>>> print(open('model-v4.pdb').read())   # PDB, C-alpha atoms, pLDDT in the B column
ATOM      1  CA  MET A 912      34.555 -34.520 135.179  1.00 86.00           C
ATOM      2  CA  PRO A 913      34.607 -37.918 133.409  1.00 88.00           C
ATOM      3  CA  PRO A 914      36.485 -40.783 135.098  1.00 87.00           C
ATOM      4  CA  ALA A 915      39.009 -40.891 132.230  1.00 89.00           C
ATOM      5  CA  ASP A 916      39.936 -37.268 132.960  1.00 94.00           C
ATOM      6  CA  ILE A 917      40.304 -38.049 136.664  1.00 94.00           C
ATOM      7  CA  TYR A 918      42.751 -40.860 135.843  1.00 95.00           C
ATOM      8  CA  ALA A 919      44.771 -38.591 133.538  1.00 96.00           C
ATOM      9  CA  VAL A 920      45.042 -35.826 136.139  1.00 98.00           C
ATOM     10  CA  LEU A 921      45.959 -38.353 138.821  1.00 97.00           C
ATOM     11  CA  GLU A 922      48.740 -39.793 136.664  1.00 97.00           C
ATOM     12  CA  ALA A 923      50.170 -36.378 135.774  1.00 98.00           C
ATOM     13  CA  THR A 924      49.999 -34.795 139.215  1.00 98.00           C
ATOM     14  CA  TRP A 925      51.202 -37.845 141.180  1.00 98.00           C
ATOM     15  CA  PRO A 926      53.600 -39.456 138.684  1.00 98.00           C
ATOM     16  CA  PRO A 927      55.684 -42.630 138.997  1.00 98.00           C
ATOM     17  CA  ALA A 928      59.449 -42.509 138.643  1.00 98.00           C
ATOM     18  CA  ALA A 929      59.189 -44.418 135.343  1.00 98.00           C
ATOM     19  CA  ARG A 930      56.716 -46.287 133.140  1.00 97.00           C
ATOM     20  CA  GLN A 931      57.220 -49.093 130.680  1.00 97.00           C
ATOM     21  CA  SER A 932      54.863 -50.713 128.198  1.00 98.00           C
ATOM     22  CA  LEU A 933      54.847 -54.480 128.388  1.00 98.00           C
ATOM     23  CA  GLY A 934      52.376 -55.983 125.953  1.00 98.00           C
ATOM     24  CA  PRO A 935      48.951 -54.770 127.096  1.00 98.00           C
ATOM     25  CA  TRP A 936      50.269 -53.449 130.429  1.00 98.00           C
ATOM     26  CA  CYS A 937      51.658 -50.209 131.745  1.00 98.00           C
ATOM     27  CA  ILE A 938      54.194 -51.107 134.443  1.00 98.00           C
ATOM     28  CA  ARG A 939      55.037 -48.317 136.901  1.00 98.00           C
ATOM     29  CA  ASP A 940      58.174 -47.924 138.984  1.00 98.00           C
ATOM     30  CA  GLY A 941      57.005 -46.199 142.155  1.00 98.00           C
ATOM     31  CA  GLN A 942      60.292 -46.242 144.076  1.00 97.00           C
ATOM     32  CA  GLY A 943      58.458 -46.419 147.380  1.00 97.00           C
ATOM     33  CA  GLY A 944      55.954 -43.674 146.587  1.00 97.00           C
ATOM     34  CA  GLY A 945      52.871 -45.767 147.316  1.00 96.00           C
ATOM     35  CA  LYS A 946      50.243 -47.747 145.447  1.00 97.00           C
ATOM     36  CA  ARG A 947      49.180 -44.961 143.081  1.00 96.00           C
ATOM     37  CA  VAL A 948      52.607 -44.839 141.453  1.00 98.00           C
ATOM     38  CA  SER A 949      53.347 -48.576 141.635  1.00 98.00           C
ATOM     39  CA  ALA A 950      50.227 -50.250 140.245  1.00 98.00           C
ATOM     40  CA  ALA A 951      50.046 -51.820 136.794  1.00 98.00           C
ATOM     41  CA  THR A 952      47.150 -50.990 134.478  1.00 98.00           C
ATOM     42  CA  ALA A 953      45.710 -52.603 131.380  1.00 98.00           C
ATOM     43  CA  GLU A 954      46.249 -50.284 128.427  1.00 96.00           C
ATOM     44  CA  GLY A 955      45.241 -52.717 125.669  1.00 95.00           C
ATOM     45  CA  ASP A 956      43.564 -56.038 125.048  1.00 97.00           C
ATOM     46  CA  TRP A 957      44.889 -58.665 127.429  1.00 98.00           C
ATOM     47  CA  THR A 958      44.435 -62.381 128.017  1.00 98.00           C
ATOM     48  CA  ALA A 959      44.882 -64.459 131.141  1.00 98.00           C
ATOM     49  CA  GLN A 960      48.213 -65.641 129.736  1.00 98.00           C
ATOM     50  CA  ASP A 961      49.520 -62.045 129.835  1.00 98.00           C
ATOM     51  CA  ILE A 962      49.176 -61.651 133.610  1.00 98.00           C
ATOM     52  CA  PRO A 963      52.335 -63.567 134.651  1.00 98.00           C
ATOM     53  CA  ALA A 964      54.499 -61.212 132.584  1.00 98.00           C
ATOM     54  CA  ALA A 965      53.131 -58.231 134.500  1.00 98.00           C
ATOM     55  CA  GLU A 966      53.691 -60.019 137.801  1.00 98.00           C
ATOM     56  CA  THR A 967      57.303 -60.794 136.853  1.00 98.00           C
ATOM     57  CA  ALA A 968      57.947 -57.185 135.819  1.00 98.00           C
ATOM     58  CA  MET A 969      56.642 -55.837 139.122  1.00 98.00           C
ATOM     59  CA  GLN A 970      58.673 -58.400 141.051  1.00 98.00           C
ATOM     60  CA  ALA A 971      61.788 -57.287 139.163  1.00 98.00           C
ATOM     61  CA  LEU A 972      61.153 -53.750 140.453  1.00 98.00           C
ATOM     62  CA  GLY A 973      60.895 -55.020 144.015  1.00 97.00           C
ATOM     63  CA  GLN A 974      57.180 -54.257 144.097  1.00 98.00           C
ATOM     64  CA  PRO A 975      54.221 -56.462 145.002  1.00 97.00           C
ATOM     65  CA  ALA A 976      51.892 -57.684 142.273  1.00 98.00           C
ATOM     66  CA  LEU A 977      49.387 -54.818 142.246  1.00 98.00           C
ATOM     67  CA  PHE A 978      46.840 -53.792 139.615  1.00 98.00           C
ATOM     68  CA  LEU A 979      44.734 -50.639 139.423  1.00 98.00           C
ATOM     69  CA  ILE A 980      41.149 -51.464 138.457  1.00 98.00           C
ATOM     70  CA  ARG A 981      39.304 -48.589 136.768  1.00 96.00           C
ATOM     71  CA  ASP A 982      35.956 -48.170 135.050  1.00 93.00           C
ATOM     72  CA  GLY A 983      35.832 -50.697 132.214  1.00 94.00           C
ATOM     73  CA  ASP A 984      38.164 -53.179 133.908  1.00 97.00           C
ATOM     74  CA  ALA A 985      35.471 -55.555 135.188  1.00 98.00           C
ATOM     75  CA  ALA A 986      36.864 -58.568 133.319  1.00 98.00           C
ATOM     76  CA  LEU A 987      40.355 -57.973 134.675  1.00 98.00           C
ATOM     77  CA  ASP A 988      38.901 -57.521 138.151  1.00 98.00           C
ATOM     78  CA  ALA A 989      37.154 -60.901 137.945  1.00 98.00           C
ATOM     79  CA  GLU A 990      40.235 -62.657 136.559  1.00 98.00           C
ATOM     80  CA  LEU A 991      42.475 -61.312 139.311  1.00 98.00           C
ATOM     81  CA  ALA A 992      39.919 -62.266 141.958  1.00 98.00           C
ATOM     82  CA  SER A 993      39.964 -65.824 140.637  1.00 98.00           C
ATOM     83  CA  ARG A 994      43.750 -65.850 141.092  1.00 98.00           C
ATOM     84  CA  GLY A 995      43.578 -64.875 144.760  1.00 98.00           C
ATOM     85  CA  TYR A 996      44.061 -61.141 144.410  1.00 98.00           C
ATOM     86  CA  ARG A 997      42.257 -59.200 147.124  1.00 98.00           C
ATOM     87  CA  ILE A 998      40.649 -55.767 146.881  1.00 98.00           C
ATOM     88  CA  VAL A 999      42.719 -53.006 148.503  1.00 96.00           C
ATOM     89  CA  ASP A1000      41.699 -49.407 149.187  1.00 93.00           C
ATOM     90  CA  PRO A1001      38.537 -48.731 147.179  1.00 97.00           C
ATOM     91  CA  VAL A1002      38.710 -45.039 146.256  1.00 97.00           C
ATOM     92  CA  VAL A1003      36.190 -42.362 145.278  1.00 97.00           C
ATOM     93  CA  ALA A1004      37.163 -39.348 143.159  1.00 97.00           C
ATOM     94  CA  TYR A1005      35.595 -35.960 143.902  1.00 98.00           C
ATOM     95  CA  ALA A1006      35.623 -32.748 141.874  1.00 98.00           C
ATOM     96  CA  ALA A1007      34.029 -29.316 141.718  1.00 98.00           C
ATOM     97  CA  PRO A1008      34.487 -26.087 139.748  1.00 98.00           C
ATOM     98  CA  CYS A1009      37.001 -23.923 141.582  1.00 98.00           C
ATOM     99  CA  ASP A1010      34.744 -20.875 141.469  1.00 98.00           C
ATOM    100  CA  THR A1011      32.013 -22.660 143.441  1.00 98.00           C
ATOM    101  CA  ILE A1012      34.277 -23.202 146.472  1.00 98.00           C
ATOM    102  CA  ALA A1013      34.359 -20.342 148.979  1.00 97.00           C
ATOM    103  CA  PRO A1014      37.739 -18.746 149.762  1.00 97.00           C
ATOM    104  CA  PRO A1015      39.511 -19.711 153.008  1.00 98.00           C
ATOM    105  CA  ASP A1016      39.289 -17.719 156.200  1.00 96.00           C
ATOM    106  CA  LEU A1017      41.901 -14.970 156.397  1.00 95.00           C
ATOM    107  CA  MET A1018      45.416 -15.969 157.402  1.00 96.00           C
ATOM    108  CA  THR A1019      44.588 -19.673 157.653  1.00 98.00           C
ATOM    109  CA  ALA A1020      46.298 -21.228 154.611  1.00 98.00           C
ATOM    110  CA  PHE A1021      49.402 -20.270 152.666  1.00 98.00           C
ATOM    111  CA  PRO A1022      50.558 -21.602 149.266  1.00 98.00           C
ATOM    112  CA  HIS A1023      54.289 -21.976 148.720  1.00 98.00           C
ATOM    113  CA  TRP A1024      56.856 -24.052 146.824  1.00 98.00           C
ATOM    114  CA  PRO A1025      59.165 -25.803 147.558  1.00 98.00           C
ATOM    115  CA  PRO A1026      57.740 -27.187 150.812  1.00 98.00           C
ATOM    116  CA  LEU A1027      58.921 -25.483 153.980  1.00 98.00           C
ATOM    117  CA  GLY A1028      60.540 -27.530 156.698  1.00 98.00           C
ATOM    118  CA  ILE A1029      57.416 -27.346 158.851  1.00 98.00           C
ATOM    119  CA  ALA A1030      55.352 -28.756 155.969  1.00 98.00           C
ATOM    120  CA  ARG A1031      57.785 -31.642 155.608  1.00 98.00           C
ATOM    121  CA  ASP A1032      57.630 -32.230 159.374  1.00 98.00           C
ATOM    122  CA  LEU A1033      53.821 -32.362 159.335  1.00 98.00           C
ATOM    123  CA  TRP A1034      53.897 -34.900 156.508  1.00 98.00           C
ATOM    124  CA  GLU A1035      56.620 -36.979 158.127  1.00 98.00           C
ATOM    125  CA  ALA A1036      54.606 -37.205 161.349  1.00 97.00           C
ATOM    126  CA  GLU A1037      51.779 -38.788 159.334  1.00 97.00           C
ATOM    127  CA  GLY A1038      54.020 -41.241 157.478  1.00 97.00           C
ATOM    128  CA  ILE A1039      54.611 -39.232 154.296  1.00 98.00           C
ATOM    129  CA  GLY A1040      58.369 -39.365 153.871  1.00 98.00           C
ATOM    130  CA  PRO A1041      61.036 -38.722 151.230  1.00 98.00           C
ATOM    131  CA  GLU A1042      59.655 -41.233 148.708  1.00 98.00           C
ATOM    132  CA  ARG A1043      56.325 -39.399 148.458  1.00 98.00           C
ATOM    133  CA  LEU A1044      58.016 -35.997 148.516  1.00 98.00           C
ATOM    134  CA  ALA A1045      59.967 -37.242 145.491  1.00 98.00           C
ATOM    135  CA  VAL A1046      56.643 -37.890 143.742  1.00 98.00           C
ATOM    136  CA  MET A1047      55.699 -34.259 144.341  1.00 98.00           C
ATOM    137  CA  ASP A1048      59.033 -33.100 142.938  1.00 98.00           C
ATOM    138  CA  ARG A1049      58.382 -35.100 139.758  1.00 98.00           C
ATOM    139  CA  ALA A1050      55.039 -33.422 138.994  1.00 98.00           C
ATOM    140  CA  ALA A1051      55.749 -31.289 135.952  1.00 97.00           C
ATOM    141  CA  GLY A1052      52.909 -28.768 135.923  1.00 94.00           C
ATOM    142  CA  PRO A1053      52.191 -25.811 138.209  1.00 98.00           C
ATOM    143  CA  LYS A1054      52.229 -27.039 141.796  1.00 98.00           C
ATOM    144  CA  THR A1055      52.180 -25.807 145.357  1.00 98.00           C
ATOM    145  CA  VAL A1056      52.081 -26.811 148.984  1.00 99.00           C
ATOM    146  CA  ILE A1057      49.224 -25.422 151.062  1.00 98.00           C
ATOM    147  CA  LEU A1058      50.207 -24.924 154.701  1.00 98.00           C
ATOM    148  CA  GLY A1059      47.235 -24.619 157.044  1.00 98.00           C
ATOM    149  CA  ARG A1060      47.305 -22.804 160.378  1.00 98.00           C
ATOM    150  CA  ALA A1061      45.094 -22.854 163.469  1.00 97.00           C
ATOM    151  CA  GLY A1062      45.645 -21.271 166.865  1.00 90.00           C
ATOM    152  CA  ASP A1063      48.665 -19.373 165.518  1.00 89.00           C
ATOM    153  CA  ARG A1064      50.577 -22.528 164.633  1.00 95.00           C
ATOM    154  CA  ALA A1065      51.110 -24.772 161.628  1.00 97.00           C
ATOM    155  CA  ALA A1066      48.365 -27.381 161.696  1.00 98.00           C
ATOM    156  CA  GLY A1067      47.997 -29.101 158.319  1.00 98.00           C
ATOM    157  CA  VAL A1068      49.397 -29.466 154.839  1.00 98.00           C
ATOM    158  CA  ALA A1069      48.492 -30.618 151.329  1.00 98.00           C
ATOM    159  CA  PHE A1070      50.050 -30.819 147.875  1.00 99.00           C
ATOM    160  CA  VAL A1071      48.236 -29.463 144.815  1.00 99.00           C
ATOM    161  CA  ALA A1072      49.259 -29.727 141.165  1.00 98.00           C
ATOM    162  CA  ILE A1073      47.671 -28.799 137.829  1.00 98.00           C
ATOM    163  CA  HIS A1074      47.309 -30.805 134.629  1.00 98.00           C
ATOM    164  CA  GLY A1075      45.480 -29.131 131.774  1.00 97.00           C
ATOM    165  CA  PRO A1076      42.319 -27.427 133.055  1.00 97.00           C
ATOM    166  CA  SER A1077      42.218 -29.393 136.318  1.00 98.00           C
ATOM    167  CA  ALA A1078      44.030 -29.352 139.644  1.00 98.00           C
ATOM    168  CA  MET A1079      44.268 -32.275 142.017  1.00 98.00           C
ATOM    169  CA  LEU A1080      44.885 -32.205 145.751  1.00 98.00           C
ATOM    170  CA  HIS A1081      47.053 -34.921 147.312  1.00 98.00           C
ATOM    171  CA  ALA A1082      48.510 -35.818 150.713  1.00 98.00           C
ATOM    172  CA  LEU A1083      46.134 -33.762 152.861  1.00 98.00           C
ATOM    173  CA  GLU A1084      47.144 -34.202 156.487  1.00 98.00           C
ATOM    174  CA  VAL A1085      46.139 -32.386 159.666  1.00 98.00           C
ATOM    175  CA  ALA A1086      48.012 -32.742 162.955  1.00 97.00           C
ATOM    176  CA  PRO A1087      45.953 -34.901 165.343  1.00 96.00           C
ATOM    177  CA  ASP A1088      45.693 -32.192 168.002  1.00 95.00           C
ATOM    178  CA  ARG A1089      44.533 -29.613 165.427  1.00 94.00           C
ATOM    179  CA  ARG A1090      41.643 -31.571 163.957  1.00 94.00           C
ATOM    180  CA  ARG A1091      38.014 -30.379 164.012  1.00 93.00           C
ATOM    181  CA  LEU A1092      39.196 -26.765 163.885  1.00 96.00           C
ATOM    182  CA  GLY A1093      38.433 -26.163 160.209  1.00 97.00           C
ATOM    183  CA  VAL A1094      42.022 -26.708 159.060  1.00 98.00           C
ATOM    184  CA  ALA A1095      41.215 -29.205 156.312  1.00 98.00           C
ATOM    185  CA  SER A1096      38.353 -27.027 155.068  1.00 98.00           C
ATOM    186  CA  ASN A1097      40.591 -23.978 154.805  1.00 98.00           C
ATOM    187  CA  ILE A1098      43.333 -25.964 153.050  1.00 98.00           C
ATOM    188  CA  LEU A1099      40.830 -27.276 150.529  1.00 98.00           C
ATOM    189  CA  ARG A1100      39.346 -23.855 149.918  1.00 98.00           C
ATOM    190  CA  ALA A1101      42.803 -22.304 149.558  1.00 98.00           C
ATOM    191  CA  SER A1102      43.681 -25.055 147.070  1.00 98.00           C
ATOM    192  CA  ALA A1103      40.702 -24.122 144.888  1.00 98.00           C
ATOM    193  CA  HIS A1104      41.620 -20.436 145.078  1.00 98.00           C
ATOM    194  CA  TRP A1105      45.253 -21.138 144.134  1.00 98.00           C
ATOM    195  CA  ALA A1106      44.201 -23.483 141.320  1.00 98.00           C
ATOM    196  CA  GLN A1107      41.882 -20.886 139.820  1.00 98.00           C
ATOM    197  CA  ASP A1108      44.586 -18.203 140.035  1.00 98.00           C
ATOM    198  CA  ASN A1109      46.897 -20.550 138.125  1.00 98.00           C
ATOM    199  CA  GLY A1110      44.537 -21.366 135.267  1.00 98.00           C
ATOM    200  CA  ALA A1111      42.626 -24.417 136.482  1.00 98.00           C
ATOM    201  CA  GLY A1112      38.851 -24.527 136.363  1.00 98.00           C
ATOM    202  CA  THR A1113      38.324 -27.672 138.429  1.00 98.00           C
ATOM    203  CA  LEU A1114      39.652 -28.981 141.736  1.00 98.00           C
ATOM    204  CA  SER A1115      39.668 -32.748 142.206  1.00 98.00           C
ATOM    205  CA  LEU A1116      40.928 -35.279 144.727  1.00 98.00           C
ATOM    206  CA  VAL A1117      40.635 -38.944 145.613  1.00 98.00           C
ATOM    207  CA  VAL A1118      39.804 -40.475 148.984  1.00 98.00           C
ATOM    208  CA  THR A1119      39.266 -43.996 150.273  1.00 97.00           C
ATOM    209  CA  THR A1120      35.607 -44.947 150.520  1.00 97.00           C
ATOM    210  CA  ALA A1121      36.173 -45.857 154.183  1.00 96.00           C
ATOM    211  CA  ASN A1122      37.107 -42.273 155.109  1.00 96.00           C
ATOM    212  CA  ALA A1123      33.600 -41.102 155.942  1.00 96.00           C
ATOM    213  CA  GLY A1124      34.721 -37.929 157.718  1.00 95.00           C
ATOM    214  CA  ALA A1125      36.734 -36.649 154.778  1.00 97.00           C
ATOM    215  CA  ARG A1126      33.972 -37.527 152.338  1.00 97.00           C
ATOM    216  CA  ALA A1127      31.468 -35.565 154.407  1.00 97.00           C
ATOM    217  CA  LEU A1128      33.788 -32.551 154.384  1.00 97.00           C
ATOM    218  CA  TYR A1129      34.244 -32.683 150.617  1.00 98.00           C
ATOM    219  CA  ALA A1130      30.512 -32.951 150.051  1.00 97.00           C
ATOM    220  CA  SER A1131      29.883 -29.988 152.378  1.00 97.00           C
ATOM    221  CA  LEU A1132      32.172 -27.861 150.205  1.00 98.00           C
ATOM    222  CA  GLY A1133      30.289 -28.804 147.054  1.00 98.00           C
ATOM    223  CA  LEU A1134      32.574 -31.467 145.630  1.00 98.00           C
ATOM    224  CA  GLN A1135      30.729 -34.317 143.940  1.00 97.00           C
ATOM    225  CA  ALA A1136      31.687 -37.950 143.430  1.00 97.00           C
ATOM    226  CA  MET A1137      32.873 -38.408 139.854  1.00 94.00           C
ATOM    227  CA  GLY A1138      34.228 -41.943 139.673  1.00 92.00           C
ATOM    228  CA  GLN A1139      35.938 -44.694 141.579  1.00 95.00           C
ATOM    229  CA  TYR A1140      38.680 -47.277 141.386  1.00 97.00           C
ATOM    230  CA  HIS A1141      40.345 -49.898 143.541  1.00 97.00           C
ATOM    231  CA  TYR A1142      43.427 -52.054 143.612  1.00 98.00           C
ATOM    232  CA  ARG A1143      43.878 -55.808 143.437  1.00 98.00           C
ATOM    233  CA  GLN A1144      46.923 -57.111 145.273  1.00 98.00           C
ATOM    234  CA  LYS A1145      48.188 -60.675 145.421  1.00 91.00           C
TER     235      LYS A1145
END
>>> encode(input="model-v4.pdb", output="C-alpha cells")
Amino acid sequence: MPPADIYAVLEATWPPAARQSLGPWCIRDGQGGGKRVSAATAEGDWTAQDIPAAETAMQALGQPALFLIRDGDAALDAELASRGYRIVDPVVAYAAPCDTIAPPDLMTAFPHWPPLGIARDLWEAEGIGPERLAVMDRAAGPKTVILGRAGDRAAGVAFVAIHGPSAMLHALEVAPDRRRLGVASNILRASAHWAQDNGAGTLSLVVTTANAGARALYASLGLQAMGQYHYRQK
C-alpha cells in the first residue's frame, strides 16, 4: 500500500470538520479532534514566505501552528526545524490484506454502529471524548465500532472505517486491567473480518513509533510497515 494511499485513507476515515485551501496549504479545522485533523499540509509549491500565512490561519482557528510532514516533505521539514518547530509523534503506518489475518476467537469482538454506551465509556476512560467521537461521526464511508470482550466483560474498543478498497482502524483502546489477554488481537482480527465483509481488501492503521508493544502485535498478525510521517509543532 503506497504512502500516498495511506494518507488518502487516513484523511477520509478520520476527517477534519472543515478544510480550506490557502495558497499552497491545506488548513484543517479539527475542532478539538487531535493532531491528525488539525495539522496543515503542503499541497503545492511553497516558499518560506508562505509559512506565516499558514500560521495565522491556524491561530485564527484557535489551533497551534502544526504541520504534517509526509514523504516528499523533506524541504518543508528542514525549513520548519530552522524556525524552531519540534518533531512531535513520529508515526508508522501498517497494512495487510484482510484475507491474510486470522478471524477472532469466538464471542470476543462485536461490530456495531453507532457506538454503544459501554464503548463510549471505554474511550472516555482513555481520554477519547466527544471531539474525537465527532470525528468518527463525520467519516462518510462504511464504518463500525469493534467492541472487544474478555472474562465476560467489555474490555476494549476500536473504530474502523472504509475508503475505497481499504479500511483503517483508529482509536484502539484496551482497559488497563484487561491488557495482555488477547483483546487487542481479537479486535484487530475482527476489524479485518468486518472490513472484508464490507468490500475492503486491505486493513491499515497508524501507530507512534514509540509504541513498541503495539508494533510487535501488528507485526505478529502479518501487518507490514508501509510508510511514516511526523508532525512539526512550534
>>> closest_residue(input="model-v4.pdb", among="A:Val1002, A:Met1079, A:Ala950, A:Ala1095", to="Ala1020 of chain A", atoms="all atoms listed in the file")
A:Ala1095
>>> closest_atom_pairs(input="model-v4.pdb", of="segment 1008-1096 of chain A", to="segment 1113-1129 of chain A", cutoff="10 Å", atoms="all atoms listed in the file", output="tab-separated table")
residue	atom	partner	partner_atom	distance
A:Pro1008	CA	A:Thr1113	CA	4.4
A:Cys1009	CA	A:Thr1113	CA	5.1
A:Asp1010	CA	A:Thr1113	CA	8.3
A:Thr1011	CA	A:Thr1113	CA	9.5
A:Ile1012	CA	A:Leu1114	CA	9.2
A:Val1071	CA	A:Leu1114	CA	9.1
A:Ala1072	CA	A:Leu1114	CA	9.7
A:Ile1073	CA	A:Leu1114	CA	8.9
A:Gly1075	CA	A:Thr1113	CA	9.9
A:Pro1076	CA	A:Thr1113	CA	6.7
A:Ser1077	CA	A:Thr1113	CA	4.8
A:Ala1078	CA	A:Leu1114	CA	4.9
A:Met1079	CA	A:Ser1115	CA	4.6
A:Leu1080	CA	A:Leu1116	CA	5.1
A:His1081	CA	A:Leu1116	CA	6.7
A:Ala1082	CA	A:Leu1116	CA	9.7
A:Leu1083	CA	A:Leu1116	CA	9.8
A:Gly1093	CA	A:Leu1128	CA	9.8
A:Ala1095	CA	A:Leu1128	CA	8.4
A:Ser1096	CA	A:Leu1128	CA	7.2
>>> write_last_selection(input="model-v4.pdb", atoms="C-alpha atoms", output="PDB file, in the coordinates of the input")
ATOM      1  CA  PRO A1008      34.487 -26.087 139.748  1.00 98.00           C
ATOM      2  CA  CYS A1009      37.001 -23.923 141.582  1.00 98.00           C
ATOM      3  CA  ASP A1010      34.744 -20.875 141.469  1.00 98.00           C
ATOM      4  CA  THR A1011      32.013 -22.660 143.441  1.00 98.00           C
ATOM      5  CA  ILE A1012      34.277 -23.202 146.472  1.00 98.00           C
ATOM      6  CA  VAL A1071      48.236 -29.463 144.815  1.00 99.00           C
ATOM      7  CA  ALA A1072      49.259 -29.727 141.165  1.00 98.00           C
ATOM      8  CA  ILE A1073      47.671 -28.799 137.829  1.00 98.00           C
ATOM      9  CA  GLY A1075      45.480 -29.131 131.774  1.00 97.00           C
ATOM     10  CA  PRO A1076      42.319 -27.427 133.055  1.00 97.00           C
ATOM     11  CA  SER A1077      42.218 -29.393 136.318  1.00 98.00           C
ATOM     12  CA  ALA A1078      44.030 -29.352 139.644  1.00 98.00           C
ATOM     13  CA  MET A1079      44.268 -32.275 142.017  1.00 98.00           C
ATOM     14  CA  LEU A1080      44.885 -32.205 145.751  1.00 98.00           C
ATOM     15  CA  HIS A1081      47.053 -34.921 147.312  1.00 98.00           C
ATOM     16  CA  ALA A1082      48.510 -35.818 150.713  1.00 98.00           C
ATOM     17  CA  LEU A1083      46.134 -33.762 152.861  1.00 98.00           C
ATOM     18  CA  GLY A1093      38.433 -26.163 160.209  1.00 97.00           C
ATOM     19  CA  ALA A1095      41.215 -29.205 156.312  1.00 98.00           C
ATOM     20  CA  SER A1096      38.353 -27.027 155.068  1.00 98.00           C
TER      21      SER A1096
END
>>> resolve_selection(input="model-v4.pdb", expression="the PyMOL selection byres ((chain A and resi 1037) around 12)", output="NGL selection string")
:A and (1030-1036 or 1038-1040 or 1043 or 1067-1069 or 1082-1087)
>>> atom_distance(input="model-v4.pdb", atom1="atom CA of Trp1105 of chain A", atom2="atom CA of Ala1066 of chain A")
18.9 Å
>>> closest_residue(input="model-v4.pdb", among="A:Asp1016, A:Glu1042, A:Asp982, A:Glu954", to="Pro914 of chain A", atoms="all atoms listed in the file")
A:Asp982
>>> residues_around(input="model-v4.pdb", residues="Lys1145 of chain A", least_positions_apart="4", cutoff="8 Å", atoms="only C-alpha atoms", output="mmCIF file with C-alpha atoms, in the coordinates of the input")
data_model
loop_
_atom_site.group_PDB
_atom_site.id
_atom_site.type_symbol
_atom_site.label_atom_id
_atom_site.label_comp_id
_atom_site.auth_asym_id
_atom_site.auth_seq_id
_atom_site.Cartn_x
_atom_site.Cartn_y
_atom_site.Cartn_z
ATOM 1 C CA PRO A 975 54.221 -56.462 145.002
ATOM 2 C CA ALA A 976 51.892 -57.684 142.273
ATOM 3 C CA LEU A 977 49.387 -54.818 142.246
ATOM 4 C CA GLY A 995 43.578 -64.875 144.760
ATOM 5 C CA TYR A 996 44.061 -61.141 144.410
ATOM 6 C CA ARG A 997 42.257 -59.200 147.124
#
>>> atom_distance(input="model-v4.pdb", atom1="atom CA of Gln1139 of chain A", atom2="atom CA of Ile980 of chain A")
9.1 Å
>>> closest_residue(input="model-v4.pdb", among="A:Asp984, A:Asp956, A:Asp916, A:Asp1063", to="Met1018 of chain A", atoms="all atoms listed in the file")
A:Asp1063
>>> closest_residue(input="model-v4.pdb", among="A:Gly1059, A:Pro1014, A:Gly955, A:Pro963", to="Gly934 of chain A", atoms="only C-alpha atoms")
A:Gly955
>>> resolve_selection(input="model-v4.pdb", expression="the PyMOL selection byres ((chain A and resi 1138) around 10)", output="PyMOL selection string")
chain A and resi 912-918+981-982+1002-1006+1117+1135-1137+1139-1140
>>> atom_distance(input="model-v4.pdb", atom1="atom CA of Ala919 of chain A", atom2="atom CA of Ala953 of chain A")
14.2 Å
>>> decode(input="model-v4.pdb", residues="segment 920-929 of chain A", atoms="N, CA, C and O atoms", output="JSON list (two decimals), in the first residue's frame")
[["chain", "number", "residue", "atom", "x", "y", "z"],
["A", 920, "VAL", "N", -6.51, 7.42, 2.77],
["A", 920, "VAL", "CA", -7.42, 6.67, 3.63],
["A", 920, "VAL", "C", -7.50, 7.32, 5.01],
["A", 920, "VAL", "O", -8.58, 7.43, 5.60],
["A", 921, "LEU", "N", -6.37, 7.77, 5.51],
["A", 921, "LEU", "CA", -6.35, 8.45, 6.80],
["A", 921, "LEU", "C", -7.24, 9.69, 6.78],
["A", 921, "LEU", "O", -8.04, 9.91, 7.70],
["A", 922, "GLU", "N", -7.11, 10.48, 5.73],
["A", 922, "GLU", "CA", -7.90, 11.71, 5.62],
["A", 922, "GLU", "C", -9.39, 11.43, 5.54],
["A", 922, "GLU", "O", -10.22, 12.13, 6.13],
["A", 923, "ALA", "N", -9.76, 10.38, 4.79],
["A", 923, "ALA", "CA", -11.18, 10.08, 4.59],
["A", 923, "ALA", "C", -11.83, 9.41, 5.79],
["A", 923, "ALA", "O", -13.02, 9.64, 6.07],
["A", 924, "THR", "N", -11.07, 8.59, 6.51],
["A", 924, "THR", "CA", -11.65, 7.83, 7.60],
["A", 924, "THR", "C", -11.51, 8.52, 8.95],
["A", 924, "THR", "O", -12.14, 8.09, 9.93],
["A", 925, "TRP", "N", -10.70, 9.58, 9.01],
["A", 925, "TRP", "CA", -10.57, 10.38, 10.24],
["A", 925, "TRP", "C", -10.55, 11.84, 9.81],
["A", 925, "TRP", "O", -9.55, 12.54, 9.86],
["A", 926, "PRO", "N", -11.72, 12.36, 9.36],
["A", 926, "PRO", "CA", -11.75, 13.65, 8.67],
["A", 926, "PRO", "C", -11.85, 14.85, 9.60],
["A", 926, "PRO", "O", -12.47, 14.78, 10.68],
["A", 927, "PRO", "N", -11.27, 15.98, 9.20],
["A", 927, "PRO", "CA", -11.45, 17.22, 9.95],
["A", 927, "PRO", "C", -12.87, 17.74, 9.78],
["A", 927, "PRO", "O", -13.63, 17.29, 8.92],
["A", 928, "ALA", "N", -13.21, 18.72, 10.61],
["A", 928, "ALA", "CA", -14.54, 19.34, 10.49],
["A", 928, "ALA", "C", -14.65, 20.15, 9.21],
["A", 928, "ALA", "O", -15.72, 20.25, 8.61],
["A", 929, "ALA", "N", -13.53, 20.76, 8.78],
["A", 929, "ALA", "CA", -13.52, 21.56, 7.56],
["A", 929, "ALA", "C", -12.08, 21.68, 7.06],
["A", 929, "ALA", "O", -11.13, 21.52, 7.84]]
